[in-house]
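Student: So here's model.txt, just compact mmCIF, C-alpha atoms and all ligand atoms:
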```txt
# COMPACT_ATOMS: atom_id res chain seq x y z
CA MET A 1 -19.47 -7.82 -1.88
CA SER A 2 -18.95 -4.37 -3.40
CA HIS A 3 -16.34 -3.74 -6.07
CA ARG A 4 -12.82 -4.03 -4.76
CA ILE A 5 -11.18 -0.70 -5.53
CA VAL A 6 -7.44 -0.14 -5.38
CA ALA A 7 -6.10 3.40 -4.99
CA ALA A 8 -2.61 4.80 -4.63
CA ALA A 9 -1.23 8.00 -3.13
CA HIS A 10 2.15 9.53 -2.46
CA PRO A 11 3.04 10.96 0.92
CA ASN A 12 3.65 14.70 0.84
CA LEU A 13 6.42 16.77 2.32
CA ALA A 14 5.40 20.02 4.00
CA LEU A 15 7.45 23.05 2.95
CA VAL A 16 5.28 25.15 5.27
CA LYS A 17 4.17 22.98 8.19
CA TYR A 18 0.82 22.21 9.74
CA TRP A 19 1.54 22.35 13.46
CA GLY A 20 -1.31 22.93 15.88
CA LYS A 21 -5.03 22.49 15.38
CA ARG A 22 -7.94 24.86 15.69
CA ASP A 23 -10.33 21.89 15.86
CA SER A 24 -8.92 18.49 16.68
CA GLU A 25 -12.13 16.58 15.89
CA LEU A 26 -12.26 17.86 12.34
CA ASN A 27 -8.51 18.46 11.90
CA ILE A 28 -8.97 22.14 11.11
CA PRO A 29 -5.39 23.44 11.33
CA ALA A 30 -4.21 26.60 13.06
CA ASN A 31 -2.52 27.72 9.84
CA SER A 32 -2.42 27.09 6.09
CA SER A 33 0.42 24.91 4.79
CA ILE A 34 2.22 24.10 1.53
CA SER A 35 3.63 20.77 0.40
CA VAL A 36 4.97 18.74 -2.47
CA ASN A 37 4.06 15.10 -3.16
CA LEU A 38 6.96 12.62 -3.08
CA ASP A 39 6.89 10.31 -6.09
CA GLY A 40 9.59 8.05 -4.60
CA ALA A 41 7.22 6.66 -1.97
CA LEU A 42 3.80 5.11 -2.40
CA THR A 43 0.88 3.76 -0.41
CA THR A 44 -1.44 1.32 -2.17
CA THR A 45 -4.80 0.56 -0.55
CA SER A 46 -7.67 -1.69 -1.55
CA VAL A 47 -11.18 -1.46 -0.10
CA ALA A 48 -14.17 -3.76 -0.59
CA PHE A 49 -17.39 -3.41 1.41
CA ASP A 50 -18.97 -6.76 2.23
CA PRO A 51 -22.39 -7.21 3.91
CA SER A 52 -21.33 -10.65 5.20
CA LEU A 53 -18.46 -9.25 7.33
CA PRO A 54 -19.33 -8.88 11.03
CA GLU A 55 -16.64 -6.17 11.44
CA ASP A 56 -14.03 -4.32 9.43
CA ARG A 57 -10.95 -6.40 8.57
CA ILE A 58 -7.87 -4.25 8.22
CA PHE A 59 -4.40 -5.34 7.13
CA LEU A 60 -1.43 -2.97 7.07
CA ASN A 61 1.75 -4.06 5.31
CA GLY A 62 0.46 -7.65 5.32
CA GLU A 63 -0.32 -7.82 9.08
CA PRO A 64 -3.61 -7.32 10.92
CA ALA A 65 -3.69 -3.68 12.07
CA ASN A 66 -2.87 -3.04 15.74
CA ARG A 67 -5.65 -1.66 17.93
CA GLU A 68 -4.76 2.00 17.49
CA ALA A 69 -4.43 1.80 13.69
CA TYR A 70 -7.59 -0.34 13.49
CA CYS A 71 -9.66 2.28 15.34
CA ARG A 72 -8.30 5.09 13.21
CA VAL A 73 -8.96 3.34 9.90
CA SER A 74 -12.33 1.95 10.99
CA GLY A 75 -13.32 5.42 12.21
CA HIS A 76 -12.50 6.78 8.78
CA LEU A 77 -14.56 4.03 7.12
CA ASP A 78 -17.46 5.18 9.36
CA ARG A 79 -17.18 8.66 7.80
CA ILE A 80 -17.31 7.11 4.33
CA ARG A 81 -20.26 4.85 5.30
CA GLU A 82 -22.11 7.85 6.65
CA LEU A 83 -21.56 9.82 3.44
CA ALA A 84 -22.76 6.87 1.35
CA GLY A 85 -25.61 5.89 3.68
CA ILE A 86 -24.44 2.28 4.03
CA ASN A 87 -23.64 0.00 6.98
CA ASP A 88 -21.51 -2.72 5.37
CA ARG A 89 -18.16 -3.55 6.96
CA ALA A 90 -15.06 -3.53 4.76
CA LEU A 91 -11.93 -5.48 3.95
CA VAL A 92 -9.00 -3.04 3.73
CA GLU A 93 -5.47 -3.96 2.69
CA SER A 94 -2.87 -1.25 2.64
CA GLY A 95 0.86 -1.28 2.08
CA ASN A 96 3.70 1.22 2.00
CA ASP A 97 6.89 0.83 0.01
CA PHE A 98 8.67 3.04 2.60
CA PRO A 99 9.03 3.05 6.43
CA THR A 100 5.75 3.69 8.23
CA ALA A 101 5.45 6.52 10.83
CA ALA A 102 9.06 7.68 10.68
CA GLY A 103 8.57 11.30 9.68
CA ILE A 104 7.82 10.46 6.07
CA ALA A 105 4.19 11.44 6.53
CA SER A 106 2.89 7.92 5.94
CA SER A 107 -0.48 8.96 7.36
CA SER A 108 -0.80 11.49 4.53
CA SER A 109 -0.64 8.88 1.75
CA ALA A 110 -2.52 6.31 3.84
CA PHE A 111 -5.63 8.41 4.43
CA ALA A 112 -5.55 9.90 0.91
CA ALA A 113 -5.52 6.41 -0.66
CA LEU A 114 -8.11 5.11 1.83
CA SER A 115 -10.45 8.06 1.15
CA LEU A 116 -10.26 7.56 -2.60
CA ALA A 117 -10.55 3.73 -2.58
CA GLY A 118 -13.21 3.72 0.14
CA SER A 119 -15.43 6.38 -1.41
CA ARG A 120 -15.26 4.73 -4.86
CA ALA A 121 -15.90 1.27 -3.41
CA CYS A 122 -19.29 2.50 -2.19
CA ARG A 123 -19.88 4.35 -5.45
CA LEU A 124 -19.53 7.86 -4.10
CA ASP A 125 -18.18 10.16 -6.78
CA LEU A 126 -16.39 12.86 -4.79
CA ASP A 127 -14.53 15.67 -6.53
CA GLU A 128 -11.00 16.70 -5.55
CA LYS A 129 -12.18 19.22 -2.97
CA GLN A 130 -14.59 16.78 -1.31
CA LEU A 131 -11.93 14.06 -1.27
CA SER A 132 -9.44 16.46 0.30
CA ILE A 133 -11.99 17.37 2.99
CA LEU A 134 -12.66 13.68 3.67
CA ALA A 135 -8.95 12.75 3.75
CA ARG A 136 -8.25 15.66 6.13
CA LYS A 137 -10.52 14.14 8.76
CA GLY A 138 -8.44 10.94 8.71
CA SER A 139 -5.14 12.79 9.04
CA GLY A 140 -4.75 16.50 8.43
CA SER A 141 -1.77 16.23 6.09
CA ALA A 142 -3.66 13.67 3.95
CA ALA A 143 -5.75 16.56 2.60
CA ARG A 144 -2.60 17.59 0.70
CA SER A 145 -1.93 14.17 -0.92
CA ILE A 146 -5.19 14.31 -2.89
CA PRO A 147 -4.15 17.01 -5.43
CA GLY A 148 -0.94 16.51 -7.42
CA GLY A 149 2.38 18.36 -7.48
CA PHE A 150 2.79 21.48 -5.34
CA VAL A 151 -0.19 21.90 -3.04
CA GLU A 152 -1.58 24.44 -0.59
CA TRP A 153 -3.98 23.50 2.21
CA GLU A 154 -6.12 26.49 3.00
CA ALA A 155 -6.66 26.37 6.76
CA GLY A 156 -10.26 27.62 6.53
CA ASP A 157 -12.40 27.79 9.64
CA SER A 158 -14.98 25.06 9.11
CA ASP A 159 -15.32 21.57 7.67
CA GLN A 160 -16.19 22.74 4.17
CA THR A 161 -13.64 25.58 3.96
CA SER A 162 -10.54 23.60 5.00
CA PHE A 163 -9.14 21.72 1.98
CA ALA A 164 -6.12 21.49 -0.30
CA PHE A 165 -5.69 22.53 -3.92
CA GLN A 166 -2.92 22.45 -6.50
CA LEU A 167 -0.53 25.39 -6.74
CA ALA A 168 1.47 23.91 -9.64
CA PRO A 169 1.50 20.52 -11.40
CA PRO A 170 4.27 17.93 -10.80
CA GLY A 171 6.21 18.84 -13.96
CA HIS A 172 6.24 22.57 -13.16
CA TRP A 173 9.69 22.61 -11.57
CA ASP A 174 12.63 20.22 -11.72
CA LEU A 175 12.89 20.18 -7.94
CA GLU A 176 14.08 16.97 -6.33
CA ILE A 177 13.81 15.67 -2.81
CA CYS A 178 16.26 13.28 -1.21
CA THR A 179 14.87 11.78 1.98
CA VAL A 180 17.68 10.67 4.25
CA VAL A 181 16.30 7.90 6.45
CA LEU A 182 18.38 7.98 9.62
CA ASP A 183 16.04 5.79 11.60
CA SER A 184 13.22 3.78 10.08
CA ARG A 185 11.62 2.72 13.35
CA PRO A 186 8.24 4.25 14.16
CA LYS A 187 8.74 7.55 15.97
CA ARG A 188 8.30 7.68 19.73
CA PHE A 189 5.99 10.68 19.77
CA SER A 190 3.16 10.98 17.30
CA SER A 191 2.50 14.19 15.44
CA ALA A 192 -0.90 14.14 17.18
CA GLU A 193 0.95 14.64 20.47
CA GLY A 194 2.93 17.49 18.90
CA HIS A 195 -0.18 19.23 17.57
CA MET A 196 -1.81 18.96 20.97
CA ALA A 197 1.18 20.35 22.83
CA ALA A 198 2.03 23.11 20.33
CA GLY A 199 -0.13 25.79 21.96
CA THR A 200 1.78 25.47 25.25
CA SER A 201 5.00 26.77 23.67
CA PRO A 202 5.71 30.43 24.44
CA PHE A 203 6.82 30.72 20.79
CA TYR A 204 3.66 29.33 19.23
CA ARG A 205 1.95 32.70 18.72
CA ALA A 206 5.13 34.21 17.35
CA ARG A 207 5.36 31.36 14.83
CA LEU A 208 1.75 31.89 13.71
CA GLU A 209 2.43 35.61 13.27
CA THR A 210 5.29 34.92 10.83
CA LEU A 211 3.35 32.39 8.79
CA SER A 212 1.47 34.57 6.35
CA ARG A 213 4.79 36.02 5.16
CA THR A 214 6.36 32.55 4.96
CA LEU A 215 3.39 31.26 2.97
CA ASP A 216 3.76 34.20 0.55
CA LEU A 217 7.49 33.61 0.15
CA VAL A 218 7.12 29.88 -0.50
CA ARG A 219 4.14 30.31 -2.86
CA THR A 220 6.04 32.91 -4.89
CA ALA A 221 9.28 30.89 -4.93
CA ILE A 222 7.37 27.89 -6.30
CA ARG A 223 5.60 30.03 -8.89
CA ASP A 224 8.91 31.57 -10.05
CA LYS A 225 10.95 28.35 -9.61
CA ASN A 226 13.32 30.42 -7.53
CA PHE A 227 15.45 28.09 -5.42
CA SER A 228 17.48 30.81 -3.73
CA SER A 229 14.34 32.31 -2.21
CA LEU A 230 12.70 28.94 -1.48
CA ALA A 231 15.66 27.52 0.46
CA PRO A 232 15.94 29.97 3.39
CA ALA A 233 12.15 30.19 3.77
CA VAL A 234 11.74 26.40 3.91
CA GLU A 235 14.62 25.87 6.30
CA ARG A 236 13.58 28.59 8.72
CA GLU A 237 10.05 27.30 8.63
CA ALA A 238 11.17 23.79 9.63
CA ILE A 239 13.30 25.19 12.43
CA SER A 240 10.36 27.31 13.59
CA MET A 241 8.13 24.21 13.86
CA HIS A 242 10.78 22.28 15.77
CA ALA A 243 11.47 25.26 18.03
CA VAL A 244 7.80 25.15 19.01
CA ALA A 245 7.95 21.35 19.49
CA ILE A 246 11.06 21.51 21.64
CA THR A 247 9.60 24.28 23.82
CA SER A 248 6.12 22.84 24.24
CA LEU A 249 4.88 20.87 27.21
CA PRO A 250 4.02 17.32 26.24
CA VAL A 251 1.42 15.33 28.15
CA SER A 252 4.10 13.15 29.77
CA ALA A 253 5.24 15.11 32.79
CA TRP A 254 8.76 13.68 32.68
CA MET A 255 9.43 15.28 29.31
CA SER A 256 10.68 18.84 29.01
CA GLY A 257 9.85 19.16 25.31
CA LEU A 258 9.31 17.17 22.11
CA TYR A 259 12.62 16.34 20.47
CA TYR A 260 12.01 14.61 17.19
CA TRP A 261 15.68 14.91 16.23
CA MET A 262 18.51 12.48 16.79
CA PRO A 263 22.17 13.51 16.99
CA GLU A 264 22.53 12.43 13.34
CA THR A 265 19.77 14.86 12.38
CA LEU A 266 21.86 17.78 13.60
CA ASP A 267 24.93 16.31 11.94
CA LEU A 268 23.10 16.44 8.62
CA ILE A 269 21.76 19.97 9.23
CA GLN A 270 25.30 21.21 9.76
CA SER A 271 26.57 19.38 6.67
CA VAL A 272 23.85 21.03 4.57
CA GLN A 273 24.97 24.44 5.80
CA GLN A 274 28.57 23.59 4.93
CA TRP A 275 27.63 22.38 1.44
CA ARG A 276 25.73 25.60 0.88
CA GLU A 277 28.70 27.64 1.97
CA ASN A 278 30.67 25.71 -0.66
CA GLY A 279 28.19 26.82 -3.33
CA LEU A 280 25.80 23.85 -3.57
CA ASP A 281 22.15 24.94 -3.73
CA VAL A 282 20.49 22.61 -1.25
CA CYS A 283 18.26 23.06 1.79
CA PHE A 284 16.62 20.78 4.33
CA THR A 285 13.30 20.29 6.02
CA ILE A 286 12.25 17.89 8.79
CA ASP A 287 8.81 16.62 9.80
CA ALA A 288 7.78 15.01 13.08
CA GLY A 289 10.60 12.47 13.07
CA PRO A 290 14.39 12.32 12.89
CA ASN A 291 14.74 11.98 9.13
CA VAL A 292 15.92 14.83 6.95
CA HIS A 293 14.56 15.77 3.53
CA LEU A 294 16.98 17.57 1.23
CA LEU A 295 15.68 19.80 -1.56
CA TYR A 296 17.69 20.78 -4.63
CA GLU A 297 17.23 21.20 -8.37
CA GLY A 298 17.73 18.25 -10.73
CA LYS A 299 20.87 19.80 -12.25
CA ASP A 300 22.61 19.56 -8.86
CA ARG A 301 21.83 15.91 -8.17
CA GLY A 302 25.29 14.58 -9.11
CA ARG A 303 27.04 17.03 -6.79
CA LEU A 304 24.63 16.36 -3.99
CA GLU A 305 25.07 12.59 -4.25
CA ALA A 306 28.85 12.99 -4.18
CA GLU A 307 28.65 15.06 -0.96
CA LEU A 308 26.09 12.78 0.58
CA GLU A 309 27.71 9.43 -0.08
CA PRO A 310 30.40 9.42 2.62
CA LEU A 311 27.96 10.89 5.13
CA ILE A 312 25.34 8.23 4.45
CA ALA A 313 27.93 5.53 5.03
CA ARG A 314 29.12 7.16 8.26
CA LEU A 315 25.57 7.64 9.62
CA GLY A 316 24.33 4.20 8.52
CA ALA A 317 21.44 5.87 6.68
CA TYR A 318 19.72 5.23 3.38
CA THR A 319 18.08 7.52 0.86
CA ILE A 320 14.82 7.78 -1.05
CA PHE A 321 14.89 10.07 -4.09
CA SER A 322 11.69 11.78 -5.24
CA ARG A 323 10.40 14.25 -7.75
CA PRO A 324 7.08 16.10 -7.33
CA GLY A 325 4.41 13.38 -7.54
CA ASN A 326 0.86 13.06 -8.80
CA GLY A 327 -2.23 13.31 -6.66
CA ALA A 328 -4.09 10.22 -5.43
CA TRP A 329 -5.35 7.98 -8.22
CA ILE A 330 -7.31 4.78 -8.88
CA LEU A 331 -5.12 1.80 -9.80
CA ASP A 332 -7.77 -0.81 -10.32
CA GLU A 333 -11.56 -1.00 -10.25
C1 LIG B 1 5.06 17.68 11.01
O1 LIG B 1 -1.13 15.18 9.50
O2 LIG B 1 0.27 13.61 10.85
O3 LIG B 1 4.22 16.41 9.20
O4 LIG B 1 -3.84 15.48 11.57
O5 LIG B 1 -3.06 14.52 13.71
O6 LIG B 1 -2.93 13.15 11.61
P1 LIG B 1 -2.89 14.53 12.22
O7 LIG B 1 -1.40 15.08 12.00
P2 LIG B 1 -0.43 14.91 10.76
O8 LIG B 1 0.61 16.09 11.06
C2 LIG B 1 1.66 16.38 10.19
C3 LIG B 1 2.66 17.22 10.86
C4 LIG B 1 3.91 17.50 10.04
C5 LIG B 1 3.79 18.78 9.24
C6 LIG B 1 2.96 18.71 7.99
O9 LIG B 1 2.88 17.65 7.35
O10 LIG B 1 2.43 19.77 7.61
```
Turn the structure described in the file into structure tokens.
Tutor:
Amino acid sequence: MSHRIVAAAHPNLALVKYWGKRDSELNIPANSSISVNLDGALTTTSVAFDPSLPEDRIFLNGEPANREAYCRVSGHLDRIRELAGINDRALVESGNDFPTAAGIASSSSAFAALSLAGSRACRLDLDEKQLSILARKGSGSAARSIPGGFVEWEAGDSDQTSFAFQLAPPGHWDLEICTVVLDSRPKRFSSAEGHMAAGTSPFYRARLETLSRTLDLVRTAIRDKNFSSLAPAVEREAISMHAVAITSLPVSAWMSGLYYWMPETLDLIQSVQQWRENGLDVCFTIDAGPNVHLLYEGKDRGRLEAELEPLIARLGAYTIFSRPGNGAWILDE
């Protein structure tokens, strides 16, 4: 049996979203994106290759992986085996300390941790760029959980030019993220379905045309730690992605568009706008699920919690607080 390697990674939250693929085999995105790692949530994954195993054995959160997850993880192990030139099957155990597949980008931390643990377990020594490229092929957003802090994923146009790099380290800015979990069940529509349908929206091209300006605004706001320019850019960007989702044609003919939101999602959006009108510097973003991520600076946490508390109770939600987190790392080898 090879060394058992344990790696950890945080999920990341996209401030500028990846929505739509140029190449769905390689996960080359239609546009560049920007994210921040969430240190309040963690995936831990161990990998050991073992020549005596007849097939990969994969456990997720203590249970044998279902067929879909098994194929995805085993397919990623194939990429690692090919890079290392080995054929051994592997034992993989992975766990999240947060709800899986509920718009908290669990696939980002999962494939980042798997790429790092898997490549080390077969003694590949990949640098950050190569790891990001490998993680991307498991799940696009995983490319961004390899580097730490604030991260940009350069879309590129080929396997070797599409990878993520750090814009600023975790301690650069005292930005906090409060994830409001409105529904922790796995989402009904995967982001893969959303990516696939995106191009059918009449607003897709318009969104892509605005993105280079949005990327500039967000990059600069992070560099200057300027919350008042970050907030409107991040919020409009999230709305733009969801506008495309809602107006795209999913594969299921009975659906008129992809609604990731729940009524409570809109409730929270409107509360955020009200809080802002009352002078609290906060903004929201939403990924491919109903949950809402609130961004604010550390100095405003007390005020935010006070506003949030009655709402959380009314909506039956719970919260996960994060600061910008590190990139993927080895826990044990
Ligand atoms: C809405 O990375 O989950 O979270 O590459 O098909 O695995 P695949 O998609 P995935 O898509 C993430 C979509 C998003 C936006 C983002 O994280 O940028």
Student: Collect all residues with atoms no farther than 8 Å from ligand LIG 1 (chain B), counting all atoms listed in the file, and output them as a PyMOL selection string.
Tutor: chain A and resi 12-19+24+27+33-35+103-108+136-142+190-193+195+241+286-289
Student: Provide the CA of Ala113 in chain A to CA of Leu331 in chain A distance in Å, to one decimal place.
Tutor: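 Separation of CA of Ala113 in chain A and CA of Leu331 in chain A: 10.2 Å.
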Student: Using all atoms listed in the file, which residues of range 8-126 of chain A come within 8 Å of range 320-325 of chain A, and what is the closest atom pair for each, with the distance in Å to one decimal? Give it as JSON lines, sorted by chain and residue number.
Tutor:
```
{"residue": "A:His10", "atom": "CA", "partner": "A:Gly325", "partner_atom": "CA", "distance": 6.8}
{"residue": "A:Val36", "atom": "CA", "partner": "A:Pro324", "partner_atom": "CA", "distance": 5.9}
{"residue": "A:Asn37", "atom": "CA", "partner": "A:Gly325", "partner_atom": "CA", "distance": 4.7}
{"residue": "A:Leu38", "atom": "CA", "partner": "A:Gly325", "partner_atom": "CA", "distance": 5.2}
{"residue": "A:Asp39", "atom": "CA", "partner": "A:Gly325", "partner_atom": "CA", "distance": 4.2}
{"residue": "A:Gly40", "atom": "CA", "partner": "A:Ser322", "partner_atom": "CA", "distance": 4.3}
{"residue": "A:Ala41", "atom": "CA", "partner": "A:Ser322", "partner_atom": "CA", "distance": 7.5}
```
Student: Between A:Val180, A:Ala48, A:Ile5, A:Leu42, which residue has the minimum interatomic distance to Gly316 in chain A, considering only C-alpha atoms?
Tutor: A:Val180
Student: Just the residues within 12 Å of range 254-262 of chain A, please, counting only C-alpha atoms, with nothing from its chain fewer than 5 positions along; format it as a PyMOL selection string.
Tutor: chain A and resi 102-103+181-183+186-198+200-201+238-239+241-249+267-269+285-292+315
Student: To one decimal place in Å, what is the distance between CA of Asp224 in chain A and CA of Phe150 in chain A?
Tutor: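 Separation between CA of Asp224 in chain A and CA of Phe150 in chain A: 12.7 Å.
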Student: Applying 8 Å and all atoms listed in the file, which residues near Ser74 in chain A remain after dropping the ones on its own chain fewer than 4 positions away? List them as an MDAnalysis selection string.
Tutor: chainID A and resid 56 70 78
Student: Point out the residue among A:Asp159, A:Asp174, A:Glu25, A:Glu93 with the least atom-to-atom distance to Ala7 in chain A, counting all atoms listed in the file.
Tutor: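 Selected residue with least distance to Ala7 in chain A: A:Glu93.
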Student: Leu167 in chain A: which residues within 9 Å, counting only C-alpha atoms, same-chain residues fewer than 3 positions away excluded, as a list in words?
Tutor: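 In the requested form, the answer reads Ile34, Gly148, Gly149, Phe150, Val151, Glu152, Arg219, Ile222 and Arg223 of chain A.
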Student: So, with all atoms listed in the file as the atoms that count, which of A:Arg4, A:Gln130, A:Thr43, A:Ser252 lies closest to Asp332 in chain A?
Tutor: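 Using all atoms listed in the file, the shortest distance to Asp332 in chain A belongs to A:Arg4.
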Student: Let me make sure I understand: among A:Arg207, A:Arg303, A:Val251, A:Asn66, which one has the smallest atom-to-atom distance to Glu237 in chain A if we use only C-alpha atoms?
Tutor: A:Arg207
Student: So the first atom is CA of Ala112 in chain A and the second is CA of Phe284 in chain A; what is the distance between them in Å, to one decimal place?
Tutor: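 Atom-to-atom, CA of Ala112 in chain A to CA of Phe284 in chain A, that is 24.9 Å.
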Student: Given only C-alpha atoms as the basis, pick out the residue of A:Gly298, A:Pro147, A:Pro64, A:Pro54 nearest to Ser109 in chain A.
Tutor: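 The closest residue to Ser109 in chain A is A:Pro147.
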Student: For a quick check of understanding, using only C-alpha atoms, which of A:Thr220, A:Ser240, A:Ser145, A:Ser46 has the smallest distance to Glu333 in chain A?
Tutor: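 That would be A:Ser46, the residue with the smallest distance to Glu333 in chain A.
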